[in-house]
Amino acid sequence: MSRIVKAFANKAKVAYLTAGDGENSEQYFIALAKGGANVLEVGIPFSDPTADGLIIQKAMERSLKAGTDVKKVLEIIKQIRLNTEAAIIVFTYFNPIRSNLEYFLAQAKQSGADGVLVVDLPFEESSELRFLCAKYDLANISVTAPSTPLSRIKLIANNSSGFLYYACRKGTTGLRDELPLDLIERITEVRKYSSLPVAIGFGVSNNQMVQRIFKIADGCVVGSYFVDAVSKQVPLAQLELMAANIFNYD
């Protein structure tokens, strides 16, 4: 987990893309890393991504239509790892990996991943995942939200590793213009119940939002903003510049 620790030592700049969305998908991830992203969330496409908004849903549809499966995603991770020392987090729903969970986690580690985030797996059903992540030295990253009771945040944080992903809005992902007004108060409460670094995401789409997040949290997650750019087939150099601009922190 040293790459994750290193990323959060000086503000984690977390960038998400759906693997297999676009030709040479690994090149998009590498461009984000060159632009300053020090944590890459590599999304496994799933046919029913209930926690994701329309932009990422469509990316997953494109990826699945192109024939992307778990094996292909692991190959993409291998190629990313050969080109960057950014931390790599596998972002997935449980369904694509549940049939052979241990084999998947072992292969993810071997491919160069540093952690796993299974977005739809409730804590009460995650004991096997937590055990196997520890076995293969993978961070078991969990998500909390504004609706998560503080007592449950404590439970989740005490049984997770790497960092805590705070989804700052209810509902699904997507582009937003501003952050919730009570974000500072909420993160202050979360920190009382979690010793893990906290990364804030869901709807981050401009540098002003990133600047605000970095003042109150340890990391910032940007997803739909980059996925939308990939859907428009922006040149790699432009995607790299977008990452540099949005993650710039004074």
# chains A, B, ... in the order shown; residues from 1 in each chain; ligands from 1
call {"tool": "residues_around", "arguments": {"residues": "Arg191 (chain A)", "least_positions_apart": "4", "cutoff": "12 Å", "atoms": "only C-alpha atoms", "output": "MDAnalysis selection string"}}
result
chainID A and resid 150 153:154 157 163:164 166 184:187 195:199 216:218
call {"tool": "write_last_selection", "arguments": {"atoms": "C-alpha atoms", "output": "compact mmCIF listing (two decimals), in the first residue's frame"}}
result
# COMPACT_ATOMS: atom_id res chain seq x y z
CA LEU A 150 -21.57 8.38 12.17
CA ILE A 153 -18.80 5.40 9.48
CA LYS A 154 -16.75 4.33 12.50
CA ALA A 157 -13.51 2.94 8.72
CA PHE A 163 -8.43 5.61 2.53
CA LEU A 164 -12.09 6.42 3.05
CA TYR A 166 -16.57 10.19 1.01
CA ILE A 184 -16.75 21.22 6.04
CA GLU A 185 -19.02 20.33 8.95
CA ARG A 186 -19.59 16.83 7.62
CA ILE A 187 -15.90 16.07 7.02
CA SER A 195 -8.30 7.60 11.32
CA LEU A 196 -8.04 6.87 7.58
CA PRO A 197 -7.22 9.59 5.06
CA VAL A 198 -10.39 10.98 3.50
CA ALA A 199 -10.90 11.58 -0.22
CA ILE A 216 -10.54 20.15 4.21
CA ALA A 217 -9.65 16.63 3.04
CA ASP A 218 -6.65 14.50 2.14
call {"tool": "select_by_dssp", "arguments": {"residues": "region 7-125 of chain A", "states": "helix (DSSP H, G or I)", "output": "JSON, numbers by chain"}}
result
{"A": [7, 8, 25, 26, 27, 28, 29, 30, 31, 32, 33, 34, 54, 55, 56, 57, 58, 59, 60, 61, 62, 63, 64, 65, 70, 71, 72, 73, 74, 75, 76, 77, 78, 79, 80, 81, 98, 99, 100, 101, 102, 103, 104, 105, 106, 107, 108, 109, 110, 111, 123, 124, 125]}
call {"tool": "residues_around", "arguments": {"residues": "region 44-61 of chain A", "least_positions_apart": "2", "cutoff": "9 Å", "atoms": "only C-alpha atoms", "output": "PDB file with C-alpha atoms, in the first residue's frame"}}
result
ATOM      1  CA  LEU A  17     -11.984   6.234 -15.954  1.00  0.00           C
ATOM      2  CA  THR A  18     -13.838   3.157 -17.156  1.00  0.00           C
ATOM      3  CA  ALA A  19     -11.357   0.621 -18.501  1.00  0.00           C
ATOM      4  CA  GLY A  20     -11.912  -0.320 -22.116  1.00  0.00           C
ATOM      5  CA  ASP A  21     -13.743   2.891 -22.986  1.00  0.00           C
ATOM      6  CA  GLY A  22     -11.983   3.916 -26.176  1.00  0.00           C
ATOM      7  CA  VAL A  42      -9.684   1.778 -13.024  1.00  0.00           C
ATOM      8  CA  SER A  63     -16.731  -0.596 -22.887  1.00  0.00           C
ATOM      9  CA  LEU A  64     -18.944  -3.673 -22.677  1.00  0.00           C
ATOM     10  CA  LYS A  65     -19.934  -3.288 -26.321  1.00  0.00           C
ATOM     11  CA  ALA A  66     -16.224  -3.280 -27.186  1.00  0.00           C
ATOM     12  CA  THR A  68     -14.191  -5.538 -22.210  1.00  0.00           C
ATOM     13  CA  ASP A  69     -14.283  -8.116 -19.442  1.00  0.00           C
ATOM     14  CA  VAL A  70     -12.423  -8.595 -16.149  1.00  0.00           C
ATOM     15  CA  VAL A  73      -9.221  -4.895 -17.390  1.00  0.00           C
ATOM     16  CA  VAL A  90      -9.730  -1.274  -9.072  1.00  0.00           C
ATOM     17  CA  PHE A  91     -13.241   0.198  -8.985  1.00  0.00           C
ATOM     18  CA  THR A  92     -15.914  -2.441  -9.448  1.00  0.00           C
ATOM     19  CA  TYR A  93     -19.360  -3.674  -8.622  1.00  0.00           C
ATOM     20  CA  ASN A  95     -21.180  -9.026  -9.633  1.00  0.00           C
ATOM     21  CA  PRO A  96     -18.267  -9.127 -12.136  1.00  0.00           C
ATOM     22  CA  VAL A 119     -18.964   0.066  -4.556  1.00  0.00           C
ATOM     23  CA  ASP A 120     -22.136  -1.956  -3.949  1.00  0.00           C
ATOM     24  CA  GLY A 171     -27.712   9.823  -5.546  1.00  0.00           C
ATOM     25  CA  THR A 172     -25.377   9.119  -8.453  1.00  0.00           C
ATOM     26  CA  THR A 173     -22.203  10.534  -9.950  1.00  0.00           C
ATOM     27  CA  GLY A 174     -22.200  13.337 -12.519  1.00  0.00           C
ATOM     28  CA  LEU A 175     -20.955  16.833 -13.213  1.00  0.00           C
ATOM     29  CA  GLY A 223     -14.450  10.965 -12.471  1.00  0.00           C
ATOM     30  CA  SER A 224     -17.260  12.101 -14.760  1.00  0.00           C
ATOM     31  CA  TYR A 225     -15.250  15.155 -15.847  1.00  0.00           C
ATOM     32  CA  VAL A 227     -14.973  10.235 -18.596  1.00  0.00           C
ATOM     33  CA  ASP A 228     -16.890  12.915 -20.493  1.00  0.00           C
ATOM     34  CA  VAL A 230     -12.790  10.532 -23.210  1.00  0.00           C
ATOM     35  CA  SER A 231     -16.275  10.135 -24.694  1.00  0.00           C
TER      36      SER A 231
END
call {"tool": "atom_distance", "arguments": {"atom1": "CA of Asp250 (chain A)", "atom2": "CA of Asn10 (chain A)"}}
result
12.3 Å
call {"tool": "residues_around", "arguments": {"residues": "Leu239 (chain A)", "least_positions_apart": "6", "cutoff": "9 Å", "atoms": "only C-alpha atoms", "output": "VMD selection string"}}
result
chain A and resid 28 31 to 32 35 226 229 to 230
call {"tool": "atom_distance", "arguments": {"atom1": "CA of Gln211 (chain A)", "atom2": "CA of Gln233 (chain A)"}}
result
26.9 Å
call {"tool": "residues_around", "arguments": {"residues": "Asn24 (chain A)", "least_positions_apart": "5", "cutoff": "10 Å", "atoms": "only C-alpha atoms", "output": "PyMOL selection string"}}
result
chain A and resi 19+29+76+79
